[in-house]
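Next comes target-v5.cif, a file with mmCIF, C-alpha atoms and all ligand atoms.
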```
data_model
#
loop_
_atom_site.label_atom_id
_atom_site.label_comp_id
_atom_site.auth_asym_id
_atom_site.auth_seq_id
_atom_site.Cartn_x
_atom_site.Cartn_y
_atom_site.Cartn_z
CA MET A 1 0.00 0.00 0.00
CA ALA A 2 1.27 3.49 -0.81
CA LYS A 3 2.60 5.20 2.34
CA VAL A 4 0.46 8.24 1.74
CA LEU A 5 -2.66 6.07 1.56
CA GLU A 6 -1.71 4.09 4.66
CA SER A 7 -1.24 7.21 6.77
CA PHE A 8 -4.45 8.73 5.39
CA LEU A 9 -6.45 5.62 6.34
CA ASP A 10 -4.83 5.15 9.77
CA GLU A 11 -5.34 8.77 10.72
CA ASN A 12 -8.94 9.00 9.60
CA LEU A 13 -10.11 5.58 10.79
CA ASN A 14 -8.56 6.20 14.20
CA SER A 15 -10.14 9.59 14.46
CA LEU A 16 -13.59 8.12 13.73
CA ARG A 17 -13.04 5.32 16.25
CA VAL A 18 -11.88 7.72 18.97
CA GLN A 19 -14.98 9.88 18.44
CA GLY A 20 -17.24 6.81 18.50
CA LEU A 21 -18.33 7.61 14.94
CA TYR A 22 -17.03 4.47 13.24
CA ASN A 23 -20.10 2.56 12.15
CA GLU A 24 -19.91 -1.18 12.82
CA ILE A 25 -22.31 -2.79 10.38
CA ASP A 26 -24.78 -5.34 11.70
CA VAL A 27 -25.17 -8.45 9.59
CA VAL A 28 -28.66 -9.85 9.01
CA GLU A 29 -28.78 -13.65 8.99
CA GLY A 30 -31.69 -14.36 6.65
CA ALA A 31 -34.49 -12.39 5.00
CA ASN A 32 -35.13 -8.70 5.71
CA GLY A 33 -38.71 -9.09 6.90
CA PRO A 34 -40.80 -7.64 9.76
CA THR A 35 -38.49 -9.59 12.07
CA ILE A 36 -34.81 -10.19 11.43
CA GLN A 37 -32.06 -12.26 12.96
CA ILE A 38 -28.79 -10.61 14.01
CA ASN A 39 -26.12 -12.46 16.03
CA GLY A 40 -28.54 -15.38 16.37
CA LYS A 41 -31.18 -13.19 18.01
CA ASP A 42 -34.70 -12.49 16.63
CA LEU A 43 -35.58 -8.80 16.57
CA ILE A 44 -38.63 -6.80 15.52
CA ASN A 45 -37.36 -4.90 12.50
CA LEU A 46 -38.24 -1.20 12.47
CA SER A 47 -35.35 -0.12 10.24
CA SER A 48 -36.00 -1.35 6.72
CA ASN A 49 -37.40 0.57 3.75
CA ASN A 50 -39.33 -2.54 2.73
CA TYR A 51 -42.57 -0.60 3.33
CA LEU A 52 -44.96 -3.07 1.73
CA GLY A 53 -43.14 -6.25 2.71
CA LEU A 54 -42.59 -7.00 -0.98
CA ALA A 55 -38.90 -7.92 -0.55
CA THR A 56 -39.99 -11.36 0.66
CA ASN A 57 -43.27 -11.65 -1.30
CA ASN A 58 -43.81 -15.11 -2.84
CA LEU A 59 -45.26 -13.76 -6.10
CA LEU A 60 -42.15 -11.62 -6.61
CA LYS A 61 -39.85 -14.51 -5.77
CA GLN A 62 -41.65 -16.75 -8.27
CA ALA A 63 -41.53 -14.06 -10.98
CA ALA A 64 -37.76 -13.70 -10.44
CA LYS A 65 -37.24 -17.47 -10.59
CA ASN A 66 -39.25 -17.78 -13.82
CA ALA A 67 -37.28 -14.95 -15.42
CA ILE A 68 -33.97 -16.48 -14.36
CA ASP A 69 -35.01 -19.80 -15.94
CA LYS A 70 -35.85 -18.08 -19.22
CA TYR A 71 -33.22 -15.29 -19.40
CA GLY A 72 -30.41 -16.30 -17.04
CA VAL A 73 -29.02 -14.22 -14.22
CA GLY A 74 -27.46 -11.25 -16.03
CA ALA A 75 -28.60 -8.83 -18.74
CA GLY A 76 -25.21 -9.25 -20.39
CA ALA A 77 -24.54 -5.67 -21.50
CA VAL A 78 -25.38 -2.03 -21.03
CA ARG A 79 -28.85 -1.03 -22.18
CA THR A 80 -27.61 0.70 -25.35
CA ILE A 81 -25.58 -2.22 -26.72
CA ASN A 82 -27.73 -5.34 -26.29
CA GLY A 83 -28.65 -5.35 -22.61
CA THR A 84 -32.19 -4.11 -23.23
CA LEU A 85 -34.47 -7.11 -22.79
CA ASP A 86 -38.17 -7.15 -23.63
CA LEU A 87 -38.57 -7.34 -19.83
CA HIS A 88 -37.02 -3.86 -19.42
CA ILE A 89 -39.38 -2.38 -22.00
CA ALA A 90 -42.41 -4.02 -20.41
CA LEU A 91 -41.35 -2.62 -17.01
CA GLU A 92 -40.86 0.89 -18.37
CA GLU A 93 -44.27 0.85 -20.06
CA LYS A 94 -45.85 -0.32 -16.84
CA LEU A 95 -44.05 2.37 -14.82
CA ALA A 96 -45.25 5.12 -17.17
CA GLU A 97 -48.82 3.84 -16.94
CA PHE A 98 -48.59 3.59 -13.16
CA LYS A 99 -47.18 7.11 -12.79
CA GLY A 100 -49.54 8.66 -15.35
CA THR A 101 -46.75 9.93 -17.64
CA GLU A 102 -45.98 9.46 -21.35
CA ALA A 103 -42.83 7.41 -20.74
CA ALA A 104 -40.35 6.11 -18.17
CA ILE A 105 -36.75 4.91 -18.04
CA SER A 106 -35.33 2.56 -15.43
CA TYR A 107 -31.87 2.61 -13.84
CA GLN A 108 -29.80 0.33 -11.63
CA SER A 109 -30.69 2.27 -8.46
CA GLY A 110 -32.35 5.40 -7.20
CA PHE A 111 -28.90 6.79 -6.42
CA ASN A 112 -27.89 6.13 -10.01
CA CYS A 113 -30.99 7.92 -11.28
CA ASN A 114 -29.84 11.15 -9.68
CA MET A 115 -26.33 10.64 -11.07
CA ALA A 116 -27.94 10.14 -14.48
CA ALA A 117 -30.80 12.55 -14.86
CA ILE A 118 -29.61 15.86 -13.40
CA SER A 119 -26.39 16.14 -15.38
CA ALA A 120 -28.13 15.00 -18.57
CA VAL A 121 -29.90 18.37 -18.71
CA MET A 122 -28.07 20.77 -16.38
CA ASP A 123 -24.54 22.14 -16.84
CA LYS A 124 -22.17 24.87 -15.72
CA ASP A 125 -24.28 27.64 -17.26
CA ASP A 126 -27.31 26.64 -15.18
CA ALA A 127 -28.53 26.92 -11.59
CA ILE A 128 -30.28 24.41 -9.33
CA LEU A 129 -32.43 25.46 -6.38
CA SER A 130 -32.14 22.56 -3.94
CA ASP A 131 -33.95 21.94 -0.63
CA GLN A 132 -31.42 22.03 2.19
CA LEU A 133 -32.51 18.58 3.41
CA ASN A 134 -32.34 16.82 0.05
CA HIS A 135 -30.93 13.28 -0.06
CA ALA A 136 -27.19 12.74 -0.54
CA SER A 137 -27.72 11.35 -4.06
CA ILE A 138 -29.50 14.54 -5.12
CA ILE A 139 -26.65 16.61 -3.73
CA ASP A 140 -24.07 14.48 -5.55
CA GLY A 141 -26.11 14.52 -8.77
CA CYS A 142 -26.28 18.32 -8.63
CA ARG A 143 -22.51 18.55 -8.05
CA LEU A 144 -21.84 16.26 -10.98
CA SER A 145 -23.76 18.58 -13.30
CA LYS A 146 -21.42 21.52 -12.41
CA ALA A 147 -24.45 23.82 -12.22
CA LYS A 148 -24.52 26.53 -9.53
CA ILE A 149 -26.23 25.00 -6.49
CA ILE A 150 -28.46 27.37 -4.53
CA ALA A 151 -29.76 25.70 -1.35
CA TYR A 152 -33.04 26.98 0.08
CA ASN A 153 -34.22 26.48 3.66
CA HIS A 154 -36.13 23.27 4.17
CA SER A 155 -39.63 23.51 2.66
CA ASP A 156 -39.47 27.32 3.07
CA MET A 157 -41.44 28.57 0.09
CA ASP A 158 -40.68 32.26 0.75
CA ASP A 159 -36.97 31.48 0.70
CA LEU A 160 -37.35 29.45 -2.51
CA ARG A 161 -39.32 32.26 -4.17
CA GLU A 162 -36.77 34.91 -3.16
CA LYS A 163 -33.80 32.85 -4.32
CA ALA A 164 -35.50 31.93 -7.61
CA LYS A 165 -36.27 35.60 -8.21
CA ALA A 166 -32.72 36.71 -7.44
CA ALA A 167 -31.23 33.99 -9.65
CA LYS A 168 -33.58 34.86 -12.51
CA GLU A 169 -32.90 38.59 -12.24
CA SER A 170 -29.14 38.08 -12.10
CA GLY A 171 -29.30 36.93 -15.73
CA LEU A 172 -26.39 34.58 -14.99
CA TYR A 173 -28.09 31.30 -15.81
CA LYS A 174 -29.39 29.72 -19.00
CA LYS A 175 -31.66 27.19 -17.30
CA MET A 176 -32.87 26.89 -13.73
CA MET A 177 -34.22 23.83 -11.89
CA VAL A 178 -35.92 23.30 -8.55
CA ILE A 179 -35.19 19.93 -6.97
CA THR A 180 -36.69 18.28 -3.91
CA ASP A 181 -37.35 15.02 -2.14
CA GLY A 182 -41.06 14.15 -2.32
CA VAL A 183 -41.02 12.72 1.20
CA PHE A 184 -38.17 13.70 3.52
CA SER A 185 -36.82 10.55 5.09
CA MET A 186 -35.70 11.85 8.50
CA ASP A 187 -38.94 13.57 9.54
CA GLY A 188 -41.47 11.94 7.21
CA ASP A 189 -42.75 15.33 6.02
CA ILE A 190 -43.99 15.92 2.46
CA ALA A 191 -42.66 18.57 0.05
CA LYS A 192 -45.03 21.47 -0.68
CA LEU A 193 -45.40 20.51 -4.31
CA PRO A 194 -48.38 22.72 -5.27
CA GLU A 195 -46.46 25.83 -4.15
CA ILE A 196 -43.23 24.60 -5.74
CA VAL A 197 -45.07 24.18 -9.05
CA GLN A 198 -46.50 27.70 -8.74
CA ILE A 199 -43.05 29.19 -8.10
CA ALA A 200 -41.61 27.12 -10.94
CA LYS A 201 -44.20 28.55 -13.33
CA GLN A 202 -43.49 32.08 -12.20
CA PHE A 203 -39.73 31.80 -12.78
CA ASP A 204 -39.61 29.19 -15.56
CA LEU A 205 -37.97 26.49 -13.44
CA ILE A 206 -37.54 22.87 -14.48
CA THR A 207 -39.21 20.75 -11.77
CA TYR A 208 -37.55 17.61 -10.36
CA VAL A 209 -39.07 15.51 -7.56
CA ASP A 210 -37.25 12.49 -6.11
CA ASN A 211 -40.00 10.49 -4.54
CA ALA A 212 -37.96 7.60 -3.16
CA HIS A 213 -39.84 7.44 0.15
CA GLY A 214 -43.16 8.31 -1.49
CA SER A 215 -43.19 5.66 -4.23
CA GLY A 216 -45.46 2.85 -3.08
CA VAL A 217 -46.42 4.84 0.01
CA THR A 218 -48.18 8.15 -0.71
CA GLY A 219 -50.93 8.80 -3.28
CA THR A 220 -52.26 5.24 -2.70
CA GLY A 221 -48.87 3.96 -3.76
CA LYS A 222 -48.46 6.13 -6.84
CA GLY A 223 -46.39 8.73 -5.03
CA THR A 224 -46.50 12.31 -3.82
CA VAL A 225 -46.83 13.89 -7.27
CA LYS A 226 -49.96 11.79 -7.89
CA GLN A 227 -51.26 12.67 -4.42
CA PHE A 228 -51.36 16.34 -5.46
CA GLY A 229 -52.54 15.55 -9.04
CA LEU A 230 -49.41 17.17 -10.49
CA GLU A 231 -48.36 14.44 -12.97
CA LYS A 232 -48.58 16.90 -15.84
CA GLU A 233 -46.72 19.68 -14.02
CA ILE A 234 -43.59 17.95 -12.70
CA ASP A 235 -40.93 17.46 -15.39
CA PHE A 236 -38.91 14.77 -13.63
CA GLN A 237 -40.60 12.21 -11.39
CA ILE A 238 -37.81 10.13 -9.85
CA GLY A 239 -38.45 7.04 -7.80
CA THR A 240 -36.70 4.05 -6.39
CA LEU A 241 -37.53 0.39 -6.95
CA SER A 242 -35.48 -0.51 -3.88
CA LYS A 243 -37.74 0.68 -1.06
CA ALA A 244 -41.51 0.04 -1.13
CA VAL A 245 -41.20 -1.85 -4.43
CA GLY A 246 -38.93 -4.24 -2.56
CA VAL A 247 -36.28 -5.08 -5.17
CA VAL A 248 -33.56 -2.74 -6.50
CA GLY A 249 -33.42 0.00 -9.13
CA GLY A 250 -34.73 3.45 -9.91
CA TYR A 251 -36.69 5.26 -12.58
CA VAL A 252 -37.49 8.59 -14.14
CA ALA A 253 -41.04 9.14 -15.42
CA GLY A 254 -41.98 12.10 -17.59
CA LYS A 255 -42.63 13.34 -21.12
CA LYS A 256 -41.51 11.05 -23.97
CA LYS A 257 -38.95 13.51 -25.33
CA LEU A 258 -37.33 13.81 -21.90
CA ILE A 259 -37.03 10.02 -21.65
CA ASP A 260 -35.70 9.86 -25.25
CA TRP A 261 -32.99 12.35 -24.24
CA LEU A 262 -32.05 10.40 -21.11
CA LYS A 263 -31.68 7.26 -23.26
CA VAL A 264 -28.99 8.95 -25.34
CA ARG A 265 -27.35 11.20 -22.76
CA SER A 266 -27.55 9.76 -19.23
CA ARG A 267 -24.24 8.14 -18.43
CA PRO A 268 -25.26 5.29 -16.06
CA PHE A 269 -27.71 4.15 -18.75
CA LEU A 270 -24.98 4.25 -21.38
CA PHE A 271 -22.04 2.91 -19.39
CA SER A 272 -23.32 0.58 -16.67
CA THR A 273 -24.85 -2.86 -17.16
CA ALA A 274 -28.63 -3.19 -17.15
CA VAL A 275 -30.61 -4.49 -14.16
CA THR A 276 -30.80 -8.30 -14.05
CA PRO A 277 -33.77 -10.15 -15.60
CA GLY A 278 -34.80 -11.64 -12.25
CA ASP A 279 -34.91 -8.21 -10.62
CA VAL A 280 -36.84 -6.66 -13.52
CA ALA A 281 -39.45 -9.44 -13.44
CA ALA A 282 -39.87 -9.10 -9.67
CA ILE A 283 -40.25 -5.31 -9.96
CA THR A 284 -42.87 -5.67 -12.68
CA LYS A 285 -44.79 -8.09 -10.48
CA ALA A 286 -44.61 -5.62 -7.58
CA ILE A 287 -46.12 -2.84 -9.72
CA GLU A 288 -48.88 -5.24 -10.83
CA ILE A 289 -49.68 -6.02 -7.19
CA MET A 290 -49.82 -2.31 -6.36
CA GLU A 291 -52.02 -1.61 -9.39
CA ARG A 292 -54.45 -4.37 -8.58
CA SER A 293 -55.17 -3.43 -4.98
CA SER A 294 -54.33 -0.83 -2.34
CA GLU A 295 -54.44 -3.48 0.38
CA LEU A 296 -50.73 -3.37 1.24
CA VAL A 297 -50.54 0.42 1.13
CA ASP A 298 -53.62 0.68 3.38
CA GLN A 299 -52.09 -1.81 5.82
CA LEU A 300 -48.83 0.17 5.86
CA TRP A 301 -50.64 3.41 6.76
CA GLU A 302 -52.75 1.63 9.38
CA ASN A 303 -49.60 0.17 10.96
CA GLY A 304 -47.94 3.60 10.86
CA ARG A 305 -50.93 5.18 12.55
CA TYR A 306 -51.02 2.43 15.19
CA LEU A 307 -47.32 2.72 16.04
CA LYS A 308 -47.46 6.52 16.21
CA GLU A 309 -50.46 6.39 18.51
CA GLY A 310 -48.75 3.87 20.79
CA LEU A 311 -45.56 5.93 21.12
CA LYS A 312 -47.40 9.22 21.51
CA LYS A 313 -49.59 7.82 24.30
CA LEU A 314 -46.43 6.89 26.20
CA GLY A 315 -45.33 10.52 25.97
CA PHE A 316 -42.64 10.28 23.29
CA ASN A 317 -42.05 13.19 20.91
CA ILE A 318 -42.82 11.72 17.49
CA GLY A 319 -42.32 14.92 15.49
CA ALA A 320 -44.65 15.96 12.69
CA SER A 321 -44.44 13.10 10.23
CA GLU A 322 -47.09 13.01 7.50
CA THR A 323 -46.17 9.47 6.38
CA PRO A 324 -45.64 6.08 8.07
CA ILE A 325 -42.03 7.13 8.88
CA THR A 326 -42.13 7.49 12.67
CA PRO A 327 -39.29 9.40 14.28
CA CYS A 328 -39.01 9.23 18.05
CA ILE A 329 -37.05 12.33 19.00
CA ILE A 330 -34.72 11.81 21.96
CA GLY A 331 -32.56 14.95 21.58
CA ASP A 332 -29.06 14.42 22.98
CA GLU A 333 -26.80 12.46 20.63
CA LYS A 334 -25.24 10.13 23.23
CA LEU A 335 -28.61 9.39 24.82
CA THR A 336 -30.06 8.63 21.38
CA GLN A 337 -27.34 6.07 20.67
CA LEU A 338 -27.75 4.53 24.13
CA PHE A 339 -31.52 4.37 23.57
CA SER A 340 -31.07 2.57 20.26
CA ASN A 341 -28.59 0.11 21.78
CA ARG A 342 -31.00 -0.69 24.61
CA LEU A 343 -33.89 -1.18 22.15
CA ILE A 344 -31.80 -3.65 20.20
CA GLN A 345 -30.80 -5.52 23.37
CA GLU A 346 -34.48 -5.75 24.32
CA GLY A 347 -35.55 -6.98 20.87
CA VAL A 348 -36.40 -3.98 18.65
CA TYR A 349 -34.08 -3.16 15.78
CA ALA A 350 -34.47 0.62 15.41
CA LYS A 351 -31.45 2.79 14.69
CA GLY A 352 -30.45 6.10 16.19
CA ILE A 353 -29.93 8.98 13.76
CA VAL A 354 -27.87 11.91 14.98
CA PHE A 355 -25.97 15.00 13.84
CA PRO A 356 -24.83 15.57 11.08
CA THR A 357 -27.63 13.56 9.44
CA VAL A 358 -30.16 15.58 11.47
CA PRO A 359 -29.62 18.94 13.25
CA LYS A 360 -27.71 18.98 16.60
CA GLY A 361 -29.90 18.23 19.60
CA THR A 362 -32.59 16.45 17.54
CA GLY A 363 -31.14 12.93 17.72
CA ARG A 364 -33.87 10.41 17.08
CA ILE A 365 -34.76 6.80 16.65
CA ARG A 366 -36.28 6.38 13.22
CA ASN A 367 -38.98 3.73 13.07
CA MET A 368 -40.07 2.31 9.76
CA PRO A 369 -43.24 0.28 10.19
CA THR A 370 -44.23 -1.87 7.21
CA ALA A 371 -47.39 -3.56 5.93
CA ALA A 372 -45.89 -6.88 7.04
CA HIS A 373 -45.80 -6.08 10.77
CA THR A 374 -48.54 -7.67 12.87
CA ARG A 375 -50.37 -5.96 15.74
CA GLU A 376 -48.53 -8.29 18.13
CA MET A 377 -45.15 -7.17 16.81
CA LEU A 378 -46.09 -3.49 17.10
CA ASP A 379 -47.52 -3.97 20.61
CA LYS A 380 -44.35 -5.75 21.67
CA ALA A 381 -42.22 -2.96 20.19
CA VAL A 382 -44.22 -0.27 22.01
CA GLY A 383 -43.86 -2.27 25.25
CA ILE A 384 -40.08 -2.30 24.82
CA TYR A 385 -40.11 1.44 24.08
CA LYS A 386 -41.96 1.95 27.38
CA LYS A 387 -39.41 -0.07 29.32
CA VAL A 388 -36.38 1.65 27.78
CA GLY A 389 -38.01 5.10 27.86
CA GLU A 390 -38.67 4.84 31.60
CA GLU A 391 -35.28 3.32 32.33
CA LEU A 392 -33.45 6.18 30.57
CA GLY A 393 -35.79 8.90 31.87
CA VAL A 394 -37.04 9.93 28.44
CA ILE A 395 -40.71 9.48 29.41
C1 LIG B 401 -33.05 6.03 -0.73
C2 LIG B 401 -33.04 7.19 -1.63
C3 LIG B 401 -32.36 7.13 -2.85
C4 LIG B 401 -31.54 5.94 -3.25
O1 LIG B 401 -32.34 4.92 -3.76
P1 LIG B 401 -31.65 3.49 -4.04
O2 LIG B 401 -32.59 2.84 -5.00
O3 LIG B 401 -31.56 2.80 -2.73
O4 LIG B 401 -30.32 3.77 -4.64
C5 LIG B 401 -32.43 8.22 -3.69
N1 LIG B 401 -33.12 9.33 -3.34
C6 LIG B 401 -33.77 9.43 -2.17
C7 LIG B 401 -34.53 10.67 -1.85
C8 LIG B 401 -33.75 8.36 -1.27
O5 LIG B 401 -34.39 8.45 -0.11
#
```
For the structure just supplied, provide its representation as structure tokens.
Amino acid sequence: MAKVLESFLDENLNSLRVQGLYNEIDVVEGANGPTIQINGKDLINLSSNNYLGLATNNLLKQAAKNAIDKYGVGAGAVRTINGTLDLHIALEEKLAEFKGTEAAISYQSGFNCNMAAISAVMDKDDAILSDQLNHASIIDGCRLSKAKIIAYNHSDMDDLREKAKAAKESGLYKKMMVITDGVFSMDGDIAKLPEIVQIAKQFDLITYVDNAHGSGVTGTGKGTVKQFGLEKEIDFQIGTLSKAVGVVGGYVAGKKKLIDWLKVRSRPFLFSTAVTPGDVAAITKAIEIMERSSELVDQLWENGRYLKEGLKKLGFNIGASETPITPCIIGDEKLTQLFSNRLIQEGVYAKGIVFPTVPKGTGRIRNMPTAAHTREMLDKAVGIYKKVGEELGVI
């Protein structure tokens, strides 16, 4: 190893370990379902993004197996050479239909989508107005484009309007975009899309909504844009196929000419191998299940409501979530980590999230209920919260 690399790694790894910031990764022994096994111990799982329980759904598993039998395990090439299977086209048609747009394009992940789509249209002569709490992949995607990034205060529409106005009047930029998460993952709040669309119209902004935590959750599963009836107003509807959809991948849905452009200009589509046939078949099955019935989405929301009510009754601060995401705000960073460790020891796998992921003093346990949790599991989890909350003097 180069000396310079060795000293870089030693110094930085040590510094993280000394500060207690080195993340030891827990290993799950088996499926990521409503309960999981870690170190031989069964735990109620309140940390996955598998909102609808589809990651372990039998219909999805069967669809993947059938596709593997017919197509094999790999797509064999990037999409633009000969990695585009009829399965990919069928999925993209289904996604467009589901999202109510003219067309859709799929990618290898939601993260990849943001690497692909932003820099396919924005460049150094442009500006991007970005919500301060946007996901890391949005931030990186914006940086990659080399456009000027103008952050606005979280969901602060006056700040967005002022900054859009100033940017427009400066005459410095050829194109301007506003970009936001649809559902913010740390607090579970929803972007103010109707106002964002209004501001976008006023200042001629391209609109880009990454609905990773809304896909399969809000708008009876069709996402936050659908919830507000803004399918025709939002230029880029980004989603993930890795969270509620239960598999892996991402997509952009929008006008046909936008999708045509992404097919010739977005680099992860051009230079990274296509999603595997098994995954594509499982994703397509998941969308079919969501189209056919809202049963899983309804169950998810009911479980979210039930968990929130249980924690609130005990006296926990559960923030102002508008989605099943249920933060339990502890405050102090050290206490939050201790709380999470005690929950895990008692049988609930729920992780602490602290500064810098959330503001200082707002450390929290983030609970992700899913459609697959039973009442018994949620009751047991709330009981453990009561025990740990009293023990640590939080309630
Ligand atoms: C999780 C998430 C992603 C990444 O999606 P993957 O499919 O897991 O890569 C992108 N954007 C947002 C807003 C997310 O929450």
At a cut-off of 10 Å around ligand LIG 401 (chain B), and using all atoms listed in the file, what residues come up? Please write them as an NGL selection string.
:A and (49 or 107-115 or 133-139 or 180-186 or 209-214 or 238-243 or 245-251)
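Comparing the minimum interatomic distances between A:His373 and each of A:Asp204, A:Glu302, A:Asp125, A:Asp156, counting only C-alpha atoms, we find that A:Glu302 sits nearest.
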If you take every atom of stretch 107-117 of chain A that the file lists and fit an axis-aligned box around them with 5 Å extra on each side, what centre and edge lengths come out in Å to one decimal, as lines of an AutoDock Vina configuration file?
```
center_x = -29.3
center_y = 6.4
center_z = -10.6
size_x = 16.0
size_y = 22.2
size_z = 18.4
```
From the options A:Leu193, A:Lys334, A:Ala166, A:Ala117, which residue's atoms come nearest to A:Gly229, counting all atoms listed in the file?
A:Leu193
Quick one: residues within 6 Å of A:Ile68, only C-alpha atoms, excluding same-chain residues fewer than 4 positions away - as a ChimeraX atom specification?
/A:72-73,278
Write the selection just made, keeping C-alpha atoms, as a PDB file, keeping the file's coordinate frame?
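Result file follows (part31.pdb):
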```
ATOM      1  CA  GLY A  72     -30.410 -16.300 -17.040  1.00  0.00           C
ATOM      2  CA  VAL A  73     -29.020 -14.220 -14.220  1.00  0.00           C
ATOM      3  CA  GLY A 278     -34.800 -11.640 -12.250  1.00  0.00           C
TER       4      GLY A 278
END
```
Using all atoms listed in the file, can you list as a ChimeraX atom specification the residues within 8 Å of (-45.5, 25.7, 0.1)?
/A:155-157,191-196
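Closest approach to A:Val178 among A:Glu102, A:Asp131, A:Glu93, A:Asp86 is made by A:Asp131 (distances from all atoms listed in the file).
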Excluding stretch 163-165 of chain A and its own-chain neighbours fewer than 5 positions away, which residues fall within 10 Å of it when counting all atoms listed in the file? Please give them as a PyMOL selection string.
chain A and resi 127-129+150-152+157-158+170+176-178+199-200+202-205
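Shortest atom-to-atom contact with A:Arg375 among A:Phe8, A:Gly33, A:Leu160, A:Ile44: A:Ile44, counting all atoms listed in the file.
Shortest separation to A:Asn153 among A:Gln62, A:Asn341, A:Thr326, A:Gln132 occurs at residue A:Gln132, atoms counted being all atoms listed in the file.
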Which neighbours of A:Leu335 fall inside 9 Å, counting all atoms listed in the file, when residues of the same chain fewer than 5 positions from it are skipped, and could you give them as a ChimeraX atom specification?
/A:330,340,363,392
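Closest to A:Ser293 among A:Lys387, A:Lys61, A:Lys222, A:Arg305 is A:Lys222, based on only C-alpha atoms.
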Write out as a CSV table (one decimal) with C-alpha atoms, in the frame of the given file the residues lying within 8 Å of stretch 22-31 of chain A, counting all atoms listed in the file and excluding same-chain residues fewer than 6 positions away.
```
chain,number,residue,atom,x,y,z
A,13,LEU,CA,-10.1,5.6,10.8
A,16,LEU,CA,-13.6,8.1,13.7
A,37,GLN,CA,-32.1,-12.3,13.0
A,38,ILE,CA,-28.8,-10.6,14.0
A,39,ASN,CA,-26.1,-12.5,16.0
A,40,GLY,CA,-28.5,-15.4,16.4
A,56,THR,CA,-40.0,-11.4,0.7
```
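Of note, atom CA of A:Lys232 and atom CA of A:Glu322 are spaced 23.7 Å apart.
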Please list as a PyMOL selection string every residue within 10 Å of A:Trp301, counting only C-alpha atoms and excluding residues in the same chain fewer than 2 positions away.
chain A and resi 51-52+217-218+220+296-299+303-307+323-325+369-371
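In this structure, atom CA of A:Glu390 sits 23.8 Å away from atom CA of A:Lys41.
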As a short mmCIF file (atom, residue, chain, number, x, y, z; two decimals), keeping the file's coordinate frame, please: stretch 160-172 of chain A completed to N, CA and C atoms.
```
data_model
loop_
_atom_site.label_atom_id
_atom_site.label_comp_id
_atom_site.auth_asym_id
_atom_site.auth_seq_id
_atom_site.Cartn_x
_atom_site.Cartn_y
_atom_site.Cartn_z
N LEU A 160 -37.49 29.96 -1.14
CA LEU A 160 -37.35 29.45 -2.51
C LEU A 160 -37.72 30.55 -3.51
N ARG A 161 -38.84 31.23 -3.24
CA ARG A 161 -39.32 32.26 -4.17
C ARG A 161 -38.28 33.39 -4.30
N GLU A 162 -37.76 33.82 -3.15
CA GLU A 162 -36.77 34.91 -3.16
C GLU A 162 -35.51 34.52 -3.93
N LYS A 163 -35.05 33.28 -3.67
CA LYS A 163 -33.80 32.85 -4.32
C LYS A 163 -34.01 32.60 -5.81
N ALA A 164 -35.19 32.12 -6.18
CA ALA A 164 -35.50 31.93 -7.61
C ALA A 164 -35.53 33.28 -8.31
N LYS A 165 -36.14 34.25 -7.64
CA LYS A 165 -36.27 35.60 -8.21
C LYS A 165 -34.88 36.22 -8.42
N ALA A 166 -34.06 36.12 -7.36
CA ALA A 166 -32.72 36.71 -7.44
C ALA A 166 -31.90 36.05 -8.55
N ALA A 167 -32.00 34.72 -8.64
CA ALA A 167 -31.23 33.99 -9.65
C ALA A 167 -31.70 34.39 -11.05
N LYS A 168 -33.00 34.49 -11.21
CA LYS A 168 -33.58 34.86 -12.51
C LYS A 168 -33.11 36.27 -12.90
N GLU A 169 -33.23 37.19 -11.95
CA GLU A 169 -32.90 38.59 -12.24
C GLU A 169 -31.41 38.83 -12.46
N SER A 170 -30.59 37.93 -11.91
CA SER A 170 -29.14 38.08 -12.10
C SER A 170 -28.75 37.90 -13.57
N GLY A 171 -29.59 37.18 -14.31
CA GLY A 171 -29.30 36.93 -15.73
C GLY A 171 -28.09 36.05 -15.96
N LEU A 172 -27.62 35.37 -14.89
CA LEU A 172 -26.39 34.58 -14.99
C LEU A 172 -26.62 33.18 -15.56
#
```
